[in-house]
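Student: Just dropping this structure here.
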Amino acid sequence: MRPRWRRGRRLGAVIAVLASGLLTAVPVAGVDPAAAATAAGCQAWTGAQPPSPGTGGTVLAGVAVVSPCNAWAVGFAGGTAQALIEHWDGSSWTVVPSPDPGSTLNILNGVRAVSAGNLWAVGQFRNGDGIDHVLIVHWNGTSWKRVDSPDPGTSGVLNAVRAVSARNVWAVGSYSAGNGRRTLIMHWNGSAWRQVPSPDPAHDNVLTGLAIASASNAWAVGFTGLVDKTLIVHWNGRRWARVSSPNPGTSNYLTAIGAISAGNAWAVGATDNGRVSIALILHWDGKRWATSTAPPLGAALLAGVAVTSADNAWAVGSLLNGPSHAALVLRWDGRSWTRVRAPSPGVSADYFAVAATSATNAWAVGGYSTGSGPGLTLAAHCC
């Protein structure tokens with residue numbers, strides 16, 4: 001299975017669904033989320049569903065949690081070529097106006113909060129020329145505004161953003177240089193965004209996920225090569241350098257990473273064993289990256305991960321059965337990864353991102369299809 005983030009677009013497969021306006025799907029057999037155990041510390045994953053304003057389908061691709069009563073989600077509203085930003089106030093989700101510089105497409109892939117009045121979201125936009133451009137927007141406590149940034153090469157996209165402080169923010173993605181894709185890493189110093197040198201070990205290189213443990217310890221993940229291999233790069237306070245990472249299958253890619261210290265980080269994605277795509281989980285123990293055992297899932301991929309402590313992490317994604325998916329949530333309790341109960345509405349559903357502040361406060365977001373009509377936004381809260 002080719003990764004859905006292939007060619008640098010984190011929502012590549014989702015965009016195809018939105019363009020069609022209808023996901024043809026059948027119920028997934030044998031993967032009822034209600035049959036899985038509830039995670040310790042969480043009574044249930046629940047939550048009022050966000051608005052779905054697009055006429056051609058909507059998806060939420062990124063989420064940031066400020067507090068139990070303050071969360072933000074970003075994505076894409078199909079049919080109107082509109083970037084989608086929604087806010088949770090503790091009781092309901094509402095759509096918040098967002099900049100849309102592109103005439104044909106505006107997408108937000110990731111969001112992160114510095115504070116309640118200082119958030120960043122990143123993605124891409126497209127005009128009539130069909131070329132993607134980097135998109136960065138900022139929340140100042142009152143409104144979202146576009147912020148100028150470098151836009152190297154062609155077909156630029158940012159997939160993730162993370163913050164150390166108001167004057168120290170990172171974003172990662174990729175762009176086309178005419179001879180393959182190159183990694184793209186940008187840094188905000190409090191007054192301007194600038195591009196920072198980043199590794200490009202092969203012909204094609206894409207960064208999809210980002211995590212920051214401290215000002216001198218940050219990670220970015222993705223995939224590299226014409227035959228996809230995992231790509232992990234590390235910031236030591238001076239430069240970004242590639243770190244060796246496992247590749248258990250014939251095709252391997254990473255989509256997200258979470259880190260809490262110099263010796264504890266998790267990265268997730270998928271690996272192809274020659275027959276089917278299965279969930280891939282990697283762990284950093286301070287010395288090396290190694291594969292971690294996922295529960296038996298069958299065909300699956302993981303799209304997001306959030307880590308709050310040594311004994312609590314969440315990973316989200318999809319169980320796959322041809323064109324039909326079931327939304328998937330896993331939890332790390334310090335000993336093992338287990339599947340937990342979470343909403344999977346409609347006939348096909350996916351979680352694309354997760355953010356958490358504790359074992360009892362997490363949001364997962366994505367999209368789902370009822371089998372007729374455009375795709376709808378999906379959000380679930382663990383509380």
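Following the order of the structure tokens, first chain is A, next is B, and so on, with residues numbered from 1 inside each chain and ligands from 1 in the order they appear.
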Using only C-alpha atoms, determine which residues lie at most 8 Å from A:Val111, disregarding the query and same-chain residues fewer than 2 positions distant; provide the list as an NGL selection string.

Tutor: :A and (62-64 or 72-74 or 108-109 or 113 or 119-122 or 160-162)

Student: Pick the closest to A:Leu226 from A:Arg181, A:His187, A:His381, A:Arg242: which is it, counting only C-alpha atoms?

Tutor: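 Of the candidates, the smallest distance to A:Leu226 is held by A:Arg181.
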
Student: Give me, as a PyMOL selection string, all polymer residues having an atom no more than 12 Å from A:Ala355, counting only C-alpha atoms and skipping those fewer than 4 positions away in the same chain.

Tutor: chain A and resi 61-68+71-73+110-113+162+211+256-258+303-308+313-316+351+359-365+379-382

Student: With C-alpha atoms retained, write the just-selected residues as a short mmCIF file (atom, residue, chain, number, x, y, z; two decimals), in the first residue's frame.

Tutor:
data_model
loop_
_atom_site.label_atom_id
_atom_site.label_comp_id
_atom_site.auth_asym_id
_atom_site.auth_seq_id
_atom_site.Cartn_x
_atom_site.Cartn_y
_atom_site.Cartn_z
CA ALA A 61 -6.24 16.84 10.24
CA GLY A 62 -4.70 18.44 13.33
CA VAL A 63 -5.64 19.20 16.93
CA ALA A 64 -4.20 21.18 19.84
CA VAL A 65 -5.38 20.95 23.45
CA VAL A 66 -4.89 24.00 25.66
CA SER A 67 -7.06 22.85 28.58
CA PRO A 68 -10.11 20.60 29.12
CA ALA A 71 -9.10 22.92 22.14
CA TRP A 72 -8.53 23.74 18.49
CA ALA A 73 -8.80 21.57 15.37
CA GLY A 110 -1.33 20.79 11.87
CA VAL A 111 -1.86 23.14 14.81
CA ARG A 112 -0.13 23.77 18.15
CA ALA A 113 -0.65 26.14 21.06
CA ARG A 162 5.43 22.62 17.51
CA ALA A 211 8.01 16.75 18.47
CA ALA A 256 3.90 11.45 13.70
CA ILE A 257 6.15 11.62 16.76
CA GLY A 258 5.80 12.57 20.43
CA ALA A 303 -1.46 8.73 11.83
CA GLY A 304 -0.96 10.52 15.15
CA VAL A 305 0.66 10.12 18.56
CA ALA A 306 0.64 12.12 21.80
CA VAL A 307 2.85 11.45 24.84
CA THR A 308 2.19 12.94 28.27
CA ALA A 313 0.76 7.82 25.34
CA TRP A 314 -1.99 7.75 22.74
CA ALA A 315 -1.75 6.65 19.09
CA VAL A 316 -4.57 7.02 16.55
CA TYR A 351 -8.43 9.51 13.05
CA ALA A 359 -4.11 10.42 30.70
CA THR A 360 -7.61 11.81 31.19
CA ASN A 361 -7.64 14.71 28.73
CA ALA A 362 -7.09 13.96 25.05
CA TRP A 363 -8.73 14.82 21.74
CA ALA A 364 -8.56 12.80 18.52
CA VAL A 365 -9.79 14.23 15.20
CA ALA A 379 -13.73 14.37 16.93
CA ALA A 380 -13.58 12.34 20.12
CA HIS A 381 -12.65 13.43 23.65
CA CYS A 382 -11.10 11.22 26.31
#

Student: Between atom CA of A:Tyr175 and atom CA of A:His234, what is the distance, to one decimal in Å?

Tutor: 19.4 Å

Student: Give me, as a list in words, all polymer residues having an atom no more than 6 Å from stretch 201-210 of chain A, counting only C-alpha atoms and skipping those fewer than 5 positions away in the same chain.

Tutor: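 Once the adjacent positions are removed, what remains is Gly8, Asn159, Ala160, Val172, Gly173, Ser174, Gly180, Arg181, Arg182, Thr183, Trp219, Ala220, Val221, Gly222, Phe223, Thr224, Gly225, Thr255, Ala256 and Ile257 of chain A.
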
Student: What parts of stretch 3-226 of chain A does DSSP call strand (DSSP E or B)? I'd like the answer as a PyMOL selection string.

Tutor: chain A and resi 45-46+57-67+70-78+82-88+93-95+105-115+118-126+132-139+144-146+154-165+168-176+181-188+193-196+205-214+217-224

Student: Report as a short mmCIF file (atom, residue, chain, number, x, y, z; two decimals) with C-alpha atoms, in the first residue's frame all protein, DNA and RNA residues lying within 12 Å of A:Asn273, evaluated on only C-alpha atoms, omitting residues in the same chain fewer than 6 positions from it.

Tutor:
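That gives us selection_33.cif:
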data_model
loop_
_atom_site.label_atom_id
_atom_site.label_comp_id
_atom_site.auth_asym_id
_atom_site.auth_seq_id
_atom_site.Cartn_x
_atom_site.Cartn_y
_atom_site.Cartn_z
CA MET A 1 0.00 0.00 0.00
CA ASN A 247 12.66 -0.48 8.55
CA PRO A 248 10.95 -3.80 9.24
CA GLY A 249 9.05 -4.04 5.95
CA THR A 250 9.56 -3.55 2.24
CA SER A 251 7.98 -0.10 2.46
CA ASN A 252 8.03 1.95 5.67
CA ALA A 279 0.83 -0.39 12.14
CA LEU A 280 4.42 0.64 12.88
CA GLY A 298 -4.54 -6.81 10.95
CA ALA A 299 -4.26 -4.19 8.22
CA ALA A 300 -3.80 -0.80 9.89
#

Student: Using only C-alpha atoms, can you tell me which of A:Ser176, A:Ser244, A:Asn217, A:Thr142 comes closest to A:Ala259?

Tutor: A:Asn217

Student: So how far away is atom CA of A:Ala241 from atom CA of A:Asp200, in Å?

Tutor: 9.7 Å

Student: Can you work out the spacing between atom CA of A:Ile232 and atom CA of A:Ile212 in Å, to one decimal?

Tutor: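 These atoms are spaced 13.3 Å apart.
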
Student: Name all residues at most 6 Å from A:Gly366 (count only C-alpha atoms; drop same-chain ones fewer than 3 positions away) and give them as a PyMOL selection string.

Tutor: chain A and resi 59-61+350-352+378

Student: Residues of the last selection are to be written out with C-alpha atoms, as an mmCIF file, in the first residue's frame.

Tutor:
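As a result, selection-v5.cif now contains:
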data_model
loop_
_atom_site.group_PDB
_atom_site.id
_atom_site.type_symbol
_atom_site.label_atom_id
_atom_site.label_comp_id
_atom_site.auth_asym_id
_atom_site.auth_seq_id
_atom_site.Cartn_x
_atom_site.Cartn_y
_atom_site.Cartn_z
ATOM 1 C CA VAL A 59 -11.828 16.566 7.394
ATOM 2 C CA LEU A 60 -9.966 17.562 10.565
ATOM 3 C CA ALA A 61 -6.237 16.843 10.236
ATOM 4 C CA ASP A 350 -10.273 7.626 10.324
ATOM 5 C CA TYR A 351 -8.430 9.509 13.046
ATOM 6 C CA PHE A 352 -5.607 11.673 11.693
ATOM 7 C CA LEU A 378 -14.899 13.578 13.398
#
